[in-house]
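Enquirer: Pasting start.txt here (compact mmCIF, C-alpha atoms):
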```
# COMPACT_ATOMS: atom_id res chain seq x y z
CA MET A 1 129.91 220.88 205.36
CA ASN A 2 130.07 217.10 205.57
CA VAL A 3 133.24 214.98 205.72
CA GLN A 4 133.33 211.25 204.91
CA VAL A 5 136.34 208.95 205.07
CA LYS A 6 136.69 205.93 202.80
CA SER A 7 139.54 203.61 203.71
CA GLU A 8 138.47 200.17 202.47
CA GLY A 9 139.34 198.90 199.00
CA VAL A 10 141.68 201.80 198.24
CA PRO A 11 145.47 202.10 198.64
CA PHE A 12 145.14 205.32 200.66
CA PRO A 13 142.27 206.71 202.70
CA ALA A 14 140.13 209.19 200.82
CA VAL A 15 138.57 212.08 202.72
CA SER A 16 135.56 213.37 200.79
CA VAL A 17 134.35 216.85 201.64
CA VAL A 18 130.89 218.12 200.68
CA GLY A 19 129.71 221.73 200.95
CA GLU A 20 131.45 224.97 201.88
CA VAL A 21 134.88 225.13 203.53
CA ASP A 22 134.99 228.50 205.24
CA VAL A 23 136.05 230.14 208.49
CA TYR A 24 133.13 228.43 210.27
CA THR A 25 133.44 224.89 208.91
CA ALA A 26 137.23 224.70 208.46
CA PRO A 27 137.98 223.69 212.09
CA GLN A 28 135.81 220.57 211.59
CA LEU A 29 137.80 219.68 208.47
CA ARG A 30 141.09 220.28 210.29
CA GLU A 31 140.04 217.92 213.08
CA LYS A 32 139.18 215.15 210.60
CA ILE A 33 142.43 215.66 208.67
CA LEU A 34 144.47 215.45 211.88
CA GLU A 35 142.73 212.14 212.72
CA ILE A 36 143.69 210.75 209.30
CA GLU A 37 147.26 212.09 209.57
CA ALA A 38 147.67 210.34 212.92
CA ALA A 39 147.14 206.96 211.24
CA HIS A 40 148.30 207.49 207.64
CA ARG A 41 151.24 209.22 205.97
CA THR A 42 149.51 209.48 202.61
CA PHE A 43 145.87 210.24 201.87
CA ILE A 44 143.51 211.74 199.32
CA LEU A 45 141.42 214.81 199.95
CA ASN A 46 138.50 214.73 197.56
CA LEU A 47 137.09 218.25 197.10
CA GLN A 48 134.92 217.31 194.12
CA GLU A 49 131.72 218.25 196.01
CA VAL A 50 133.15 221.41 197.60
CA SER A 51 131.26 224.46 196.35
CA TYR A 52 133.37 227.09 198.09
CA ILE A 53 136.71 227.43 199.84
CA ASP A 54 138.24 230.45 201.55
CA SER A 55 141.68 231.34 202.91
CA THR A 56 141.01 229.48 206.17
CA GLY A 57 140.44 226.29 204.20
CA LEU A 58 143.55 226.89 202.11
CA GLY A 59 145.58 227.35 205.30
CA ILE A 60 144.39 223.98 206.59
CA LEU A 61 145.32 222.24 203.34
CA ILE A 62 148.79 223.84 203.34
CA GLY A 63 149.36 222.83 206.96
CA SER A 64 148.39 219.26 206.17
CA LEU A 65 150.61 219.17 203.09
CA LYS A 66 153.60 220.34 205.13
CA ARG A 67 153.00 217.76 207.86
CA THR A 68 152.54 214.85 205.43
CA LYS A 69 155.71 215.82 203.52
CA GLU A 70 157.67 216.05 206.78
CA LYS A 71 156.61 212.47 207.51
CA GLY A 72 157.60 211.34 204.01
CA GLY A 73 153.99 210.98 202.88
CA SER A 74 151.81 212.71 200.31
CA LEU A 75 148.56 214.63 200.18
CA TYR A 76 146.68 214.29 196.91
CA LEU A 77 143.83 216.64 196.04
CA VAL A 78 140.95 215.78 193.74
CA PHE A 79 138.69 218.47 192.27
CA THR A 80 137.42 219.91 189.01
CA ASN A 81 135.27 222.84 190.18
CA PRO A 82 136.50 225.81 188.09
CA MET A 83 135.97 228.26 190.98
CA ILE A 84 138.11 226.17 193.33
CA LYS A 85 140.69 225.81 190.56
CA LYS A 86 140.72 229.59 190.11
CA ILE A 87 141.46 230.11 193.83
CA PHE A 88 144.32 227.60 193.64
CA ASP A 89 145.66 229.19 190.44
CA ILE A 90 145.71 232.79 191.64
CA THR A 91 147.31 231.88 194.97
CA GLY A 92 149.93 229.74 193.22
CA LEU A 93 148.80 226.66 195.13
CA SER A 94 148.18 224.75 191.89
CA GLN A 95 151.95 224.50 191.68
CA VAL A 96 152.31 223.35 195.27
CA PHE A 97 149.72 220.55 195.46
CA ASP A 98 149.33 217.37 193.41
CA ILE A 99 145.86 217.91 191.94
CA PHE A 100 143.86 215.33 190.01
CA SER A 101 140.50 215.41 188.25
CA SER A 102 139.21 212.17 189.82
CA GLU A 103 140.30 209.42 192.19
CA PRO A 104 140.62 206.87 189.32
CA ASP A 105 142.81 209.38 187.43
CA LEU A 106 144.97 209.83 190.52
CA LEU A 107 145.42 206.09 191.05
CA LYS A 108 146.13 205.58 187.35
CA SER A 109 148.75 208.35 187.42
CA LEU A 110 150.42 206.86 190.47
CA GLU A 111 150.56 203.48 188.72
CA THR A 112 152.25 205.02 185.70
CA GLY A 113 154.48 207.17 187.92
CA LYS A 114 153.43 210.63 186.80
CA SER A 115 150.94 213.24 187.99
CA SER A 116 148.48 215.19 185.82
CA MET B 1 118.30 244.52 206.45
CA LYS B 2 117.89 248.13 205.26
CA THR B 3 117.49 249.49 201.76
CA GLN B 4 118.08 252.91 200.21
CA HIS B 5 117.67 253.99 196.63
CA THR B 6 117.96 256.96 194.34
CA GLN B 7 117.35 257.16 190.62
CA ASP B 8 120.74 255.65 189.70
CA THR B 9 121.76 253.61 192.73
CA CYS B 10 120.20 251.21 195.13
CA SER B 11 121.73 250.12 198.41
CA VAL B 12 121.08 247.23 200.77
CA GLU B 13 122.58 247.13 204.22
CA LEU B 14 123.11 244.08 206.40
CA GLU B 15 124.55 243.81 209.89
CA ILE B 16 125.91 240.48 211.11
CA PRO B 17 127.33 239.48 214.51
CA SER B 18 131.12 239.19 214.48
CA ARG B 19 130.94 235.38 214.49
CA SER B 20 132.20 232.97 211.88
CA GLU B 21 128.85 231.19 211.39
CA PHE B 22 127.34 234.42 210.02
CA VAL B 23 129.87 234.91 207.21
CA GLY B 24 127.84 232.43 205.14
CA VAL B 25 124.77 234.63 205.70
CA ALA B 26 126.68 237.58 204.21
CA ARG B 27 127.50 235.42 201.16
CA LEU B 28 123.85 234.45 200.75
CA ALA B 29 122.79 238.11 200.90
CA LEU B 30 125.43 238.98 198.32
CA SER B 31 124.15 236.26 195.98
CA GLY B 32 120.64 237.65 196.28
CA VAL B 33 121.66 241.25 195.65
CA ALA B 34 124.20 240.48 192.92
CA SER B 35 121.69 238.37 190.98
CA ARG B 36 119.76 241.64 190.45
CA THR B 37 122.77 243.08 188.58
CA PRO B 38 124.42 242.25 185.24
CA LEU B 39 127.31 240.48 187.03
CA THR B 40 128.03 236.99 185.73
CA TYR B 41 128.00 233.84 187.84
CA GLU B 42 131.80 233.88 187.94
CA ASP B 43 131.86 237.56 188.98
CA ILE B 44 129.47 236.81 191.82
CA GLU B 45 131.57 233.84 192.98
CA ASP B 46 134.67 236.09 192.97
CA LEU B 47 132.88 238.71 195.00
CA LYS B 48 131.62 236.08 197.47
CA VAL B 49 135.21 235.05 198.21
CA ALA B 50 136.34 238.68 198.56
CA LEU B 51 133.42 239.55 200.86
CA SER B 52 134.07 236.49 203.03
CA GLU B 53 137.75 237.35 203.35
CA ALA B 54 136.91 240.91 204.40
CA CYS B 55 134.48 239.54 207.03
CA ASN B 56 137.08 236.97 208.18
CA ASN B 57 139.60 239.78 208.66
CA ALA B 58 137.13 241.76 210.72
CA ILE B 59 136.30 238.75 212.92
CA GLN B 60 139.86 237.48 213.35
CA HIS B 61 141.92 240.67 213.38
CA ALA B 62 139.79 243.75 213.96
CA TYR B 63 138.18 242.32 217.08
CA SER B 64 141.04 239.93 217.94
CA GLU B 65 138.60 237.21 218.89
CA GLU B 66 135.04 236.23 218.10
CA ASN B 67 132.67 238.30 220.14
CA PRO B 68 128.94 238.37 219.48
CA GLU B 69 128.71 241.84 221.01
CA PHE B 70 130.56 243.23 218.02
CA SER B 71 128.96 243.46 214.63
CA ILE B 72 130.03 243.92 211.05
CA SER B 73 128.14 246.22 208.69
CA ILE B 74 127.92 245.21 205.07
CA ARG B 75 126.56 247.56 202.43
CA PHE B 76 125.79 246.57 198.87
CA HIS B 77 125.62 249.53 196.49
CA ILE B 78 124.12 248.69 193.11
CA LEU B 79 125.68 251.37 190.89
CA PRO B 80 124.98 252.01 187.19
CA ASP B 81 128.21 250.28 186.16
CA ALA B 82 129.29 248.18 189.14
CA LEU B 83 128.39 246.54 192.40
CA GLU B 84 130.26 247.97 195.38
CA VAL B 85 130.42 246.03 198.64
CA ASP B 86 131.58 247.79 201.81
CA VAL B 87 132.53 245.85 204.91
CA GLU B 88 132.88 247.96 208.02
CA ASP B 89 133.88 247.08 211.56
CA THR B 90 134.54 249.15 214.65
CA GLY B 91 137.51 247.09 215.85
CA HIS B 92 141.18 247.94 216.32
CA GLY B 93 141.70 248.80 212.67
CA PHE B 94 144.92 248.45 210.74
CA SER B 95 147.04 250.90 208.82
CA LEU B 96 147.19 251.01 205.05
CA GLU B 97 150.93 250.53 205.42
CA GLN B 98 150.32 247.19 207.16
CA VAL B 99 147.93 246.10 204.41
CA GLU B 100 150.50 246.96 201.72
CA LYS B 101 153.09 244.79 203.48
CA ILE B 102 150.90 241.67 203.64
CA LYS B 103 152.23 238.99 201.32
CA VAL B 104 151.22 235.38 200.79
CA ASP B 105 153.31 233.34 203.21
CA LEU B 106 153.13 229.61 202.49
CA GLU B 107 155.33 228.75 205.45
CA ARG B 108 153.08 230.50 207.94
CA GLU B 109 149.91 229.62 205.97
CA ARG B 110 148.74 233.23 205.97
CA GLY B 111 148.33 236.31 203.82
CA PHE B 112 145.86 234.69 201.44
CA GLY B 113 142.85 236.74 202.52
CA ILE B 114 144.06 240.18 201.43
CA PHE B 115 145.72 238.66 198.37
CA LEU B 116 142.44 237.02 197.30
CA ILE B 117 140.50 240.26 197.80
CA ARG B 118 142.98 242.18 195.64
CA SER B 119 142.95 239.48 192.96
CA LEU B 120 139.22 238.92 192.69
CA VAL B 121 137.74 242.44 192.57
CA ASP B 122 138.38 245.34 190.19
CA ASP B 123 139.01 247.95 192.89
CA VAL B 124 139.57 247.71 196.62
CA THR B 125 140.30 250.36 199.23
CA PHE B 126 141.15 249.90 202.90
CA GLU B 127 140.25 252.84 205.09
CA SER B 128 140.92 253.38 208.79
CA LEU B 129 137.92 254.92 210.49
CA THR B 130 137.78 257.43 213.34
CA PRO B 131 137.70 256.76 216.27
CA SER B 132 138.21 253.08 215.44
CA GLY B 133 137.47 250.52 212.80
CA THR B 134 138.17 249.68 209.20
CA ARG B 135 136.18 249.95 206.00
CA VAL B 136 137.01 247.69 203.08
CA ALA B 137 135.32 248.88 199.88
CA MET B 138 135.34 246.36 197.01
CA THR B 139 134.05 247.07 193.51
CA LYS B 140 133.21 244.61 190.78
CA ARG B 141 132.35 246.23 187.46
CA TYR B 142 129.65 244.79 185.21
CA PRO B 143 130.81 243.03 182.07
CA LYS B 144 130.72 245.16 178.92
CA GLN B 145 127.62 244.46 176.84
```
Can I see the file as structure tokens?
Expert:
Amino acid sequence: MNVQVKSEGVPFPAVSVVGEVDVYTAPQLREKILEIEAAHRTFILNLQEVSYIDSTGLGILIGSLKRTKEKGGSLYLVFTNPMIKKIFDITGLSQVFDIFSSEPDLLKSLETGKSS
Amino acid sequence: MKTQHTQDTCSVELEIPSRSEFVGVARLALSGVASRTPLTYEDIEDLKVALSEACNNAIQHAYSEENPEFSISIRFHILPDALEVDVEDTGHGFSLEQVEKIKVDLERERGFGIFLIRSLVDDVTFESLTPSGTRVAMTKRYPKQ
């Protein structure tokens, strides 16, 4: 798994994750997310290049969502992978997170004041 | 890795150390075995998640902490109508009653593993072994032709 952070030229930092988020790699993602949370209330987690996520990864995302909401911020997810979507759908997390199909779609939705 | 086969079934057995970095190895083995069956890409992806969650449970709960001295046995049984994947550990084990009580808990960020296993395979059984350990048997049936 590889994690990149883009914070220039965008309204919120975007954390892009590539590869598999599982019990082995999830702690690395958690560490990076905590670094971002320490400096920003709102950020984007781009999972477009994530090929696999397990319950450990979901737990990290839920923890981050709770912390950002407590601080009055937001966590926006970006992905289109049907397998990732299936995991979010069957766990009910599709209803819990703000999920967008791309970063431009997310920014456009925020401008118009509604989520997709 | 061991193999066994009869006229109607073929089995492949894999043993991994009870360490998180080897769960991906179990997924890779599953992909290789499952690609020799009529399961679809989506079926295989479902089974990969279920297998990983069963391994995660063994690493995190059965043995309480990661310990390379412990191992997890994984058996792939290619049956005439389904692929069965058994995950067996020799750890503390847990009762069926406990498994039945596990619910998704968003507040505590837990309960997803068992829920995902139940949701993504056609049949699953949890069995306590004697003198210790747990066997999780997951079955994914082939699509109807």
Enquirer: Go through A:Phe79, A:Tyr52, A:Tyr24, A:Phe100 one by one, measure the shortest atom-to-atom distance of each to chain B using only C-alpha atoms, and give the residue with the smallest value.
Expert: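 Once distances to chain B are computed over only C-alpha atoms, the minimum belongs to A:Tyr24.
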Enquirer: Quick one: residues within 9 Å of range 8-20 of chain B, all atoms listed in the file, excluding same-chain residues fewer than 5 positions away - as number ranges by chain?
Expert: A: 22-25; B: 1-3, 25-26, 29, 33, 55-56, 58-60, 63, 65-80, 89
Enquirer: Taking a cut-off of 10 Å and counting all atoms listed in the file, can you build a table that, for each residue of chain A near chain B, reports the nearest atom pair and how far apart they are in Å (one decimal), sorted by chain then residue number, as JSON lines?
Expert:
```
{"residue": "A:Glu20", "atom": "CA", "partner": "B:Gly24", "partner_atom": "CA", "distance": 8.9}
{"residue": "A:Asp22", "atom": "CA", "partner": "B:Gly24", "partner_atom": "CA", "distance": 8.2}
{"residue": "A:Val23", "atom": "CA", "partner": "B:Ser20", "partner_atom": "CA", "distance": 5.9}
{"residue": "A:Tyr24", "atom": "CA", "partner": "B:Ser20", "partner_atom": "CA", "distance": 4.9}
{"residue": "A:Thr25", "atom": "CA", "partner": "B:Glu21", "partner_atom": "CA", "distance": 8.2}
{"residue": "A:Ser51", "atom": "CA", "partner": "B:Glu45", "partner_atom": "CA", "distance": 10.0}
{"residue": "A:Tyr52", "atom": "CA", "partner": "B:Val49", "partner_atom": "CA", "distance": 8.2}
{"residue": "A:Ile53", "atom": "CA", "partner": "B:Val49", "partner_atom": "CA", "distance": 7.9}
{"residue": "A:Asp54", "atom": "CA", "partner": "B:Val49", "partner_atom": "CA", "distance": 6.4}
{"residue": "A:Ser55", "atom": "CA", "partner": "B:Gly113", "partner_atom": "CA", "distance": 5.5}
{"residue": "A:Thr56", "atom": "CA", "partner": "B:Gly113", "partner_atom": "CA", "distance": 8.3}
{"residue": "A:Leu58", "atom": "CA", "partner": "B:Glu109", "partner_atom": "CA", "distance": 7.9}
{"residue": "A:Gly59", "atom": "CA", "partner": "B:Glu109", "partner_atom": "CA", "distance": 4.9}
{"residue": "A:Ile60", "atom": "CA", "partner": "B:Glu109", "partner_atom": "CA", "distance": 7.9}
{"residue": "A:Leu61", "atom": "CA", "partner": "B:Glu109", "partner_atom": "CA", "distance": 9.1}
{"residue": "A:Ile62", "atom": "CA", "partner": "B:Glu109", "partner_atom": "CA", "distance": 6.4}
{"residue": "A:Gly63", "atom": "CA", "partner": "B:Glu109", "partner_atom": "CA", "distance": 6.9}
{"residue": "A:Lys66", "atom": "CA", "partner": "B:Glu107", "partner_atom": "CA", "distance": 8.6}
{"residue": "A:Pro82", "atom": "CA", "partner": "B:Glu42", "partner_atom": "CA", "distance": 9.3}
{"residue": "A:Met83", "atom": "CA", "partner": "B:Glu45", "partner_atom": "CA", "distance": 7.4}
{"residue": "A:Lys86", "atom": "CA", "partner": "B:Asp46", "partner_atom": "CA", "distance": 9.3}
{"residue": "A:Ile87", "atom": "CA", "partner": "B:Leu116", "partner_atom": "CA", "distance": 7.8}
{"residue": "A:Ile90", "atom": "CA", "partner": "B:Ser119", "partner_atom": "CA", "distance": 7.4}
{"residue": "A:Thr91", "atom": "CA", "partner": "B:Phe112", "partner_atom": "CA", "distance": 7.2}
{"residue": "A:Gly92", "atom": "CA", "partner": "B:Val104", "partner_atom": "CA", "distance": 9.5}
{"residue": "A:Leu93", "atom": "CA", "partner": "B:Leu106", "partner_atom": "CA", "distance": 9.0}
{"residue": "A:Val96", "atom": "CA", "partner": "B:Leu106", "partner_atom": "CA", "distance": 9.6}
```
Enquirer: So how many Å separate CA of Thr68 in chain A and CA of His40 in chain A, to one decimal?
Expert: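 Separation of CA of Thr68 in chain A and CA of His40 in chain A: 8.8 Å.
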Enquirer: Nearest to Asp98 in chain A: which of A:Leu34, A:Val15, A:Leu75, A:Ile84 is it, counting only C-alpha atoms?
Expert: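 Counting only C-alpha atoms, the residue closest to Asp98 in chain A is A:Leu75.
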Enquirer: Quick one, how far is CA of Glu35 in chain A from CA of Leu77 in chain A?
Expert: 17.3 Å
Enquirer: In Å, with one decimal, what is the gap from CA of His92 in chain B to CA of Glu127 in chain B?
Expert: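 Going from CA of His92 in chain B over to CA of Glu127 in chain B covers 12.3 Å.
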Enquirer: Restricting the calculation to only C-alpha atoms: of A:Pro11, A:Glu37, A:Gly57, A:Ser64, which residue gets closest to Leu106 in chain A?
Expert: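 That would be A:Pro11, the residue with the smallest distance to Leu106 in chain A.
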Enquirer: Box for range 97-106 of chain A: with edges along x, y and z, all listed atoms inside and 8 Å added on each side, what are the centre and edge lengths in Å to one decimal, as JSON?
Expert:
```
{"center_x": 144.5, "center_y": 213.7, "center_z": 191.4, "size_x": 26.5, "size_y": 29.7, "size_z": 24.0}
```
Enquirer: Write out as a ChimeraX atom specification the residues lying within 12 Å of Ser102 in chain A, counting only C-alpha atoms and excluding same-chain residues fewer than 4 positions away.
Expert: /A:14,16,44-49,76-81,98,106-109,115-116
